[in-house]
Each structure stands twice: as structure tokens, then as C-alpha cells.
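**Q** The file below is start-v4.txt, compact mmCIF, C-alpha atoms:
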# COMPACT_ATOMS: atom_id res chain seq x y z
CA MET A 1 10.56 -48.48 14.08
CA ILE A 2 12.66 -49.42 11.09
CA VAL A 3 14.02 -47.29 8.26
CA GLU A 4 15.90 -48.84 5.36
CA VAL A 5 17.34 -47.38 2.18
CA THR A 6 18.37 -50.19 -0.14
CA ALA A 7 19.86 -50.68 -3.59
CA THR A 8 18.40 -54.21 -3.66
CA PRO A 9 14.92 -54.88 -5.10
CA PHE A 10 12.41 -55.75 -2.36
CA ASP A 11 8.93 -57.26 -2.07
CA PRO A 12 6.88 -54.80 0.03
CA TRP A 13 4.18 -57.34 0.92
CA GLN A 14 6.78 -59.80 2.13
CA ARG A 15 8.43 -57.05 4.17
CA VAL A 16 5.15 -56.13 5.86
CA GLN A 17 4.49 -59.74 6.74
CA THR A 18 8.00 -60.36 8.05
CA HIS A 19 8.05 -57.13 10.05
CA GLN A 20 4.68 -57.92 11.59
CA ALA A 21 5.80 -61.39 12.60
CA GLN A 22 9.11 -60.19 14.07
CA HIS A 23 8.23 -56.87 15.70
CA LEU A 24 4.54 -56.88 16.63
CA SER A 25 2.64 -58.89 19.18
CA ALA A 26 -0.26 -60.88 17.80
CA GLY A 27 -3.53 -59.60 19.20
CA ARG A 28 -2.21 -56.13 20.08
CA TYR A 29 -2.64 -54.36 16.75
CA GLY A 30 -5.99 -53.79 15.10
CA ALA A 31 -4.94 -51.60 12.18
CA THR A 32 -2.18 -51.80 9.58
CA ALA A 33 -2.00 -49.04 6.97
CA VAL A 34 0.32 -49.69 4.05
CA PHE A 35 1.39 -47.45 1.18
CA VAL A 36 3.45 -48.85 -1.69
CA GLY A 37 4.82 -46.62 -4.45
CA THR A 38 5.63 -48.40 -7.72
CA LEU A 39 7.55 -47.18 -10.76
CA ARG A 40 5.25 -46.35 -13.70
CA ASP A 41 6.26 -46.84 -17.32
CA PHE A 42 5.07 -43.34 -18.26
CA ASN A 43 5.60 -39.80 -17.00
CA ASP A 44 4.81 -36.37 -18.43
CA GLY A 45 3.58 -37.89 -21.70
CA ASP A 46 6.67 -40.03 -22.33
CA ASP A 47 7.40 -43.75 -21.97
CA VAL A 48 9.93 -44.43 -19.23
CA SER A 49 12.25 -47.44 -19.63
CA SER A 50 14.15 -47.16 -16.33
CA MET A 51 15.01 -44.80 -13.53
CA THR A 52 18.01 -44.07 -11.32
CA LEU A 53 17.34 -42.96 -7.77
CA GLU A 54 20.06 -40.97 -6.06
CA HIS A 55 20.09 -40.17 -2.34
CA TYR A 56 22.24 -38.43 0.24
CA PRO A 57 23.67 -41.32 2.30
CA GLY A 58 23.44 -40.44 5.96
CA MET A 59 21.04 -37.51 5.66
CA THR A 60 18.31 -39.53 3.95
CA GLU A 61 18.28 -42.19 6.70
CA LYS A 62 18.51 -39.51 9.39
CA TYR A 63 15.55 -37.64 7.92
CA LEU A 64 13.41 -40.80 7.64
CA GLU A 65 14.27 -41.72 11.24
CA GLN A 66 13.31 -38.23 12.39
CA ILE A 67 9.88 -38.30 10.73
CA SER A 68 9.30 -41.81 12.12
CA LYS A 69 10.00 -40.45 15.61
CA ASP A 70 7.77 -37.42 14.97
CA ALA A 71 4.93 -39.70 13.85
CA ALA A 72 5.36 -41.86 16.96
CA ALA A 73 5.08 -38.73 19.13
CA ARG A 74 2.04 -37.40 17.28
CA TRP A 75 -0.06 -40.56 16.87
CA ASN A 76 -0.72 -43.59 18.98
CA LEU A 77 1.36 -46.10 17.03
CA LEU A 78 2.65 -49.57 17.79
CA ASP A 79 5.29 -49.47 15.05
CA THR A 80 6.29 -48.06 11.67
CA LEU A 81 8.33 -49.37 8.74
CA ILE A 82 9.82 -47.37 5.87
CA VAL A 83 11.76 -49.02 3.03
CA HIS A 84 12.97 -46.97 0.03
CA ARG A 85 14.84 -48.10 -3.07
CA VAL A 86 17.84 -46.35 -4.59
CA GLY A 87 19.92 -47.25 -7.64
CA GLU A 88 18.50 -48.47 -10.94
CA LEU A 89 14.79 -49.33 -11.08
CA HIS A 90 12.52 -50.62 -13.83
CA PRO A 91 8.79 -50.19 -14.39
CA ASN A 92 6.71 -52.14 -11.88
CA ASP A 93 9.57 -52.16 -9.31
CA PRO A 94 8.42 -51.06 -5.84
CA ILE A 95 10.05 -47.72 -4.95
CA VAL A 96 8.78 -47.10 -1.45
CA LEU A 97 6.94 -48.85 1.36
CA VAL A 98 5.45 -47.01 4.33
CA ALA A 99 3.56 -49.03 6.91
CA ALA A 100 2.07 -48.04 10.26
CA TRP A 101 0.54 -50.26 12.94
CA SER A 102 -1.88 -49.09 15.62
CA ALA A 103 -4.73 -50.34 17.78
CA HIS A 104 -7.34 -48.38 15.81
CA ARG A 105 -7.45 -47.27 12.17
CA LYS A 106 -7.32 -43.49 12.69
CA ASP A 107 -3.71 -43.45 13.89
CA ALA A 108 -2.40 -45.92 11.30
CA PHE A 109 -4.18 -44.16 8.40
CA GLU A 110 -3.16 -40.65 9.38
CA ALA A 111 0.42 -41.49 10.35
CA SER A 112 1.16 -43.45 7.16
CA ARG A 113 -0.27 -40.65 5.01
CA TRP A 114 1.70 -38.01 6.87
CA LEU A 115 4.93 -40.05 6.70
CA MET A 116 4.52 -40.49 2.96
CA GLU A 117 3.90 -36.79 2.34
CA GLU A 118 6.86 -35.76 4.52
CA LEU A 119 9.06 -38.27 2.69
CA LYS A 120 7.94 -36.96 -0.72
CA SER A 121 8.45 -33.32 0.16
CA ARG A 122 11.66 -33.37 2.25
CA ALA A 123 13.60 -36.66 2.16
CA PRO A 124 16.71 -36.22 -0.03
CA PHE A 125 16.07 -38.55 -2.98
CA TRP A 126 16.28 -37.58 -6.65
CA LYS A 127 14.89 -39.40 -9.69
CA LYS A 128 16.44 -39.47 -13.12
CA GLU A 129 14.32 -41.06 -15.84
CA ARG A 130 15.60 -42.87 -18.90
CA LEU A 131 13.10 -42.57 -21.74
CA SER A 132 12.11 -45.35 -24.14
CA GLU A 133 12.77 -43.02 -27.08
CA GLY A 134 16.28 -42.36 -25.77
CA GLY A 135 17.75 -39.72 -23.53
CA GLU A 136 17.38 -39.10 -19.85
CA ARG A 137 16.08 -36.32 -17.62
CA TRP A 138 15.88 -35.40 -13.96
CA VAL A 139 12.38 -35.36 -12.52
CA GLU A 140 11.84 -31.73 -11.53
CA GLY A 141 9.27 -32.10 -8.78
CA ASN A 142 6.67 -34.33 -7.19
CA THR A 143 2.95 -34.16 -7.84
CA GLU A 144 0.75 -32.80 -5.04
CA GLY A 145 -0.37 -35.49 -2.60
CA TYR A 146 -3.35 -33.68 -1.09
CA MET B 1 40.56 -27.02 9.22
CA THR B 2 38.20 -27.82 6.39
CA ILE B 3 34.56 -27.67 5.40
CA HIS B 4 33.31 -30.62 3.35
CA VAL B 5 31.12 -29.46 0.48
CA ARG B 6 28.75 -31.76 -1.39
CA PHE B 7 26.52 -31.36 -4.44
CA PHE B 8 23.72 -33.68 -5.54
CA ALA B 9 21.63 -34.70 -8.55
CA SER B 10 20.73 -32.18 -11.27
CA LEU B 11 22.45 -29.34 -9.44
CA ARG B 12 25.79 -31.19 -9.48
CA GLU B 13 25.41 -32.06 -13.18
CA ARG B 14 24.24 -28.64 -14.28
CA LEU B 15 27.03 -26.83 -12.45
CA ASP B 16 29.55 -29.51 -13.46
CA VAL B 17 30.97 -29.44 -9.95
CA VAL B 18 32.31 -32.18 -7.65
CA ASP B 19 32.37 -32.67 -3.89
CA GLN B 20 35.29 -30.80 -2.37
CA GLU B 21 37.07 -29.50 0.71
CA LEU B 22 37.27 -25.83 1.50
CA ALA B 23 39.60 -24.14 4.01
CA ALA B 24 37.38 -23.29 6.97
CA SER B 25 38.94 -19.85 7.34
CA THR B 26 37.64 -18.76 3.93
CA ALA B 27 33.89 -18.99 4.60
CA ALA B 28 31.77 -18.11 7.63
CA THR B 29 28.32 -18.88 6.19
CA VAL B 30 26.74 -21.30 3.71
CA ALA B 31 26.37 -18.42 1.22
CA GLU B 32 30.10 -17.75 1.45
CA VAL B 33 30.85 -21.45 0.85
CA TRP B 34 28.75 -21.24 -2.33
CA GLN B 35 30.54 -18.08 -3.42
CA ARG B 36 34.04 -19.49 -2.82
CA ILE B 37 33.28 -22.44 -5.09
CA LEU B 38 30.89 -20.98 -7.65
CA GLY B 39 31.84 -17.33 -7.73
CA ASP B 40 29.16 -15.12 -9.25
CA THR B 41 26.85 -18.02 -10.20
CA GLU B 42 23.55 -17.27 -8.47
CA PRO B 43 22.17 -20.14 -6.35
CA PRO B 44 18.90 -21.42 -7.90
CA ALA B 45 15.86 -20.00 -6.07
CA ASN B 46 14.50 -23.48 -5.30
CA MET B 47 17.86 -24.89 -4.13
CA LEU B 48 17.95 -26.72 -0.79
CA VAL B 49 20.82 -26.53 1.68
CA ALA B 50 21.91 -28.81 4.51
CA VAL B 51 24.59 -28.34 7.17
CA ASN B 52 25.71 -31.56 8.86
CA MET B 53 22.76 -33.37 7.26
CA GLU B 54 20.11 -31.00 8.67
CA TYR B 55 18.19 -28.54 6.50
CA ALA B 56 19.63 -25.01 6.83
CA ASP B 57 19.50 -21.57 5.17
CA LEU B 58 22.10 -19.79 3.07
CA ASP B 59 22.87 -17.46 5.98
CA ALA B 60 23.55 -20.36 8.39
CA PRO B 61 27.03 -20.23 9.97
CA VAL B 62 29.61 -22.89 9.10
CA ARG B 63 32.47 -24.14 11.24
CA ASP B 64 35.57 -26.25 10.85
CA GLY B 65 34.61 -29.86 10.15
CA ASP B 66 31.08 -29.08 8.96
CA GLU B 67 29.55 -30.81 5.95
CA VAL B 68 27.62 -28.43 3.71
CA ALA B 69 25.37 -29.83 0.97
CA PHE B 70 23.59 -28.14 -1.94
CA PHE B 71 20.81 -29.93 -3.81
CA PRO B 72 17.69 -29.45 -5.95
CA PRO B 73 14.08 -30.05 -4.81
CA VAL B 74 13.66 -33.66 -3.76
CA THR B 75 11.70 -36.20 -5.84
CA GLY B 76 11.63 -39.44 -3.84
CA GLY B 77 8.77 -41.76 -3.07
As C-alpha cells, how would this structure be written, given the file I've shared?

**A**
Amino acid sequence: MIVEVTATPFDPWQRVQTHQAQHLSAGRYGATAVFVGTLRDFNDGDDVSSMTLEHYPGMTEKYLEQISKDAAARWNLLDTLIVHRVGELHPNDPIVLVAAWSAHRKDAFEASRWLMEELKSRAPFWKKERLSEGGERWVEGNTEGY
Amino acid sequence: MTIHVRFFASLRERLDVVDQELAASTAATVAEVWQRILGDTEPPANMLVAVNMEYADLDAPVRDGDEVAFFPPVTGG
């Protein structure tokens, strides 16, 4: 179970591969569910040129670790990985990676979905968009996931 | 003998307020911490509160050494 909040750009697909090689036993897992969130270049009808992601150092990591533990208690998982960017991001930059490994697909699918929705609704991160036409604004809320 | 008070994101900018220390003897609850710093300014209805990095309510008690945080709805992911 790994949680990482990073100001450095990351390649989610590389992270999944590396994590799998380092933390999972070949032949033991039959299902890997992966969600990757990527920064769009539009929001609410406007073109977005960049975004700054703020977080609450300490609480954010603690919250992500808690939901990872909750998921491990609720589903039959072999491992989970959450990586989330902070700092300045540009369109097409990966924002978040949530991955779950299990023997069968049900647990990996359900746990990764649940982790993502918990992260979106309660993990202390805040987005501020910079618009192509100038100016910036805080994103007021997340879209519904279900 | 202090409470550490933190503000984040749009809430911090809108209120034009910075992180600060408050004498622990002056506030017994989160609501009182808010009041000591922001006076009559009503807390936004959708505001979130944490005490020692755990979600809490405005009526939660605060003690010496606690960290109290006020922030807007979260928008990560």
C-alpha cells in the first residue's frame, strides 16, 4: 500500500509497472484496475492554460492512507497505489493515479472506484485554474462520479 | 499554550487571512477559534473543518497544541 503526493510530474503507466514489479508476486494477482485522471484544457466553457493544485501537507497523506486501509479491510486486495500531483500542472499532465490489485476483478474494480470517489469528495486538495483568456479562478466543486 | 490555526485555498484568499497562533485559553471550541480570528464574519455554510488533521465540526473542543484548519470544499483528483 503506497500513497504519494508529489510536486514532480509522473508517468502513471510507468508507476503501475514499477509498483507491480517491486511489490507484487508474479502469478498471484489476476486483476489490476487502474484509474488515471488527466488535466483537460477546458472547463466550464473556458480554455484552461494551467492549473495550481494546493493540498494540506500531512492531512492529505493521512487521509489517503486511511482510505487505502479502509479499502483493504473492505475488499480482498493484494495491494493499492495512489499517486497525486500538486503544484503547477498543464493540460495533458496526469493528476491522479489509483490502482488496485486483486485475485479477481470484482475487488480491484470496486476498490479502485471507491478509492477514487472518496479521494474526490474528501481528500484535501484544491484546484485553481488559469484561463487562456487571462485571469484565474478556484474550482468550486467536483462533478458527480456516480 | 497555543492553538495553531490554518486556512487553505479560496477561503484563505477570500478572507485575506494567514495561518496564525492563538492563545489556547481564549477558545474552547472550533467555533470560538473562528470567532477570535474572524469576529462576526459568518463561516461559509459549505466550509470544512479539521482538528489535528481529522475532519471535525464547529462545536468540536480544542486543546492546547491542537492544529485547527478551515478550508473550502475539496476539488482534487

**Q** Expressed in Å to a single decimal, how great is the separation between CA of Ser112 in chain A and CA of Val3 in chain A?

**A**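 Answer for the CA of Ser112 in chain A to CA of Val3 in chain A separation: 13.5 Å.
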
**Q** Name all residues at most 12 Å from Val18 in chain B (count all atoms listed in the file; drop same-chain ones fewer than 2 positions away) and give them as a VMD selection string.

**A** chain B and resid 4 to 9 11 to 16 20 to 21 37 to 38 69 to 70

**Q** Please, which residues in chain B fall within 8 Å of chain A when counting only C-alpha atoms, and what is the closest atom pair and distance in Å to one decimal for each, ordered by chain then residue number, as CSV?

**A**
residue,atom,partner,partner_atom,distance
B:Phe8,CA,A:Tyr56,CA,7.6
B:Ala9,CA,A:Trp126,CA,6.4
B:Ser10,CA,A:Trp138,CA,6.4
B:Met53,CA,A:Met59,CA,4.8
B:Glu54,CA,A:Met59,CA,7.2
B:Pro73,CA,A:Gly141,CA,6.6
B:Val74,CA,A:Pro124,CA,5.5
B:Thr75,CA,A:Trp126,CA,4.9
B:Gly76,CA,A:Phe125,CA,4.6
B:Gly77,CA,A:Lys120,CA,5.4

**Q** Counting all atoms listed in the file, what is within 9 Å of range 50-52 of chain B, bar same-chain residues fewer than 3 positions away, as number ranges by chain?

**A** A: 59; B: 30, 55-57, 60-62, 66-71

**Q** Excluding Phe42 in chain A and residues on its chain fewer than 5 positions from it, collect all residues at most 9 Å away from it, counting only C-alpha atoms, and give them as a list in words.

**A**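 The neighbour list is Asp47, Val48, Ser49, Pro91 and Leu131 of chain A.
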
**Q** Export C-alpha atoms of the chosen residues as a PDB file, keeping the file's coordinate frame?

**A**
ATOM      1  CA  ASP A  47       7.400 -43.750 -21.970  1.00  0.00           C
ATOM      2  CA  VAL A  48       9.930 -44.430 -19.230  1.00  0.00           C
ATOM      3  CA  SER A  49      12.250 -47.440 -19.630  1.00  0.00           C
ATOM      4  CA  PRO A  91       8.790 -50.190 -14.390  1.00  0.00           C
ATOM      5  CA  LEU A 131      13.100 -42.570 -21.740  1.00  0.00           C
TER       6      LEU A 131
END

**Q** Could you state the separation of CA of Trp101 in chain A and CA of Ile82 in chain A in Å, given to one decimal place?

**A**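 Interatomic distance here is 12.0 Å.
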
**Q** What's the 12 Å shell around Leu77 in chain A, counting all atoms listed in the file, without same-chain residues fewer than 4 positions away, as a PyMOL selection string?

**A** chain A and resi 1+24+28-33+68-73+81+99-112

**Q** Record the distance separating CA of Glu144 in chain A and CA of Pro72 in chain B, expressed in Å with one decimal.

**A**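 Between CA of Glu144 in chain A and CA of Pro72 in chain B the gap works out to 17.3 Å.
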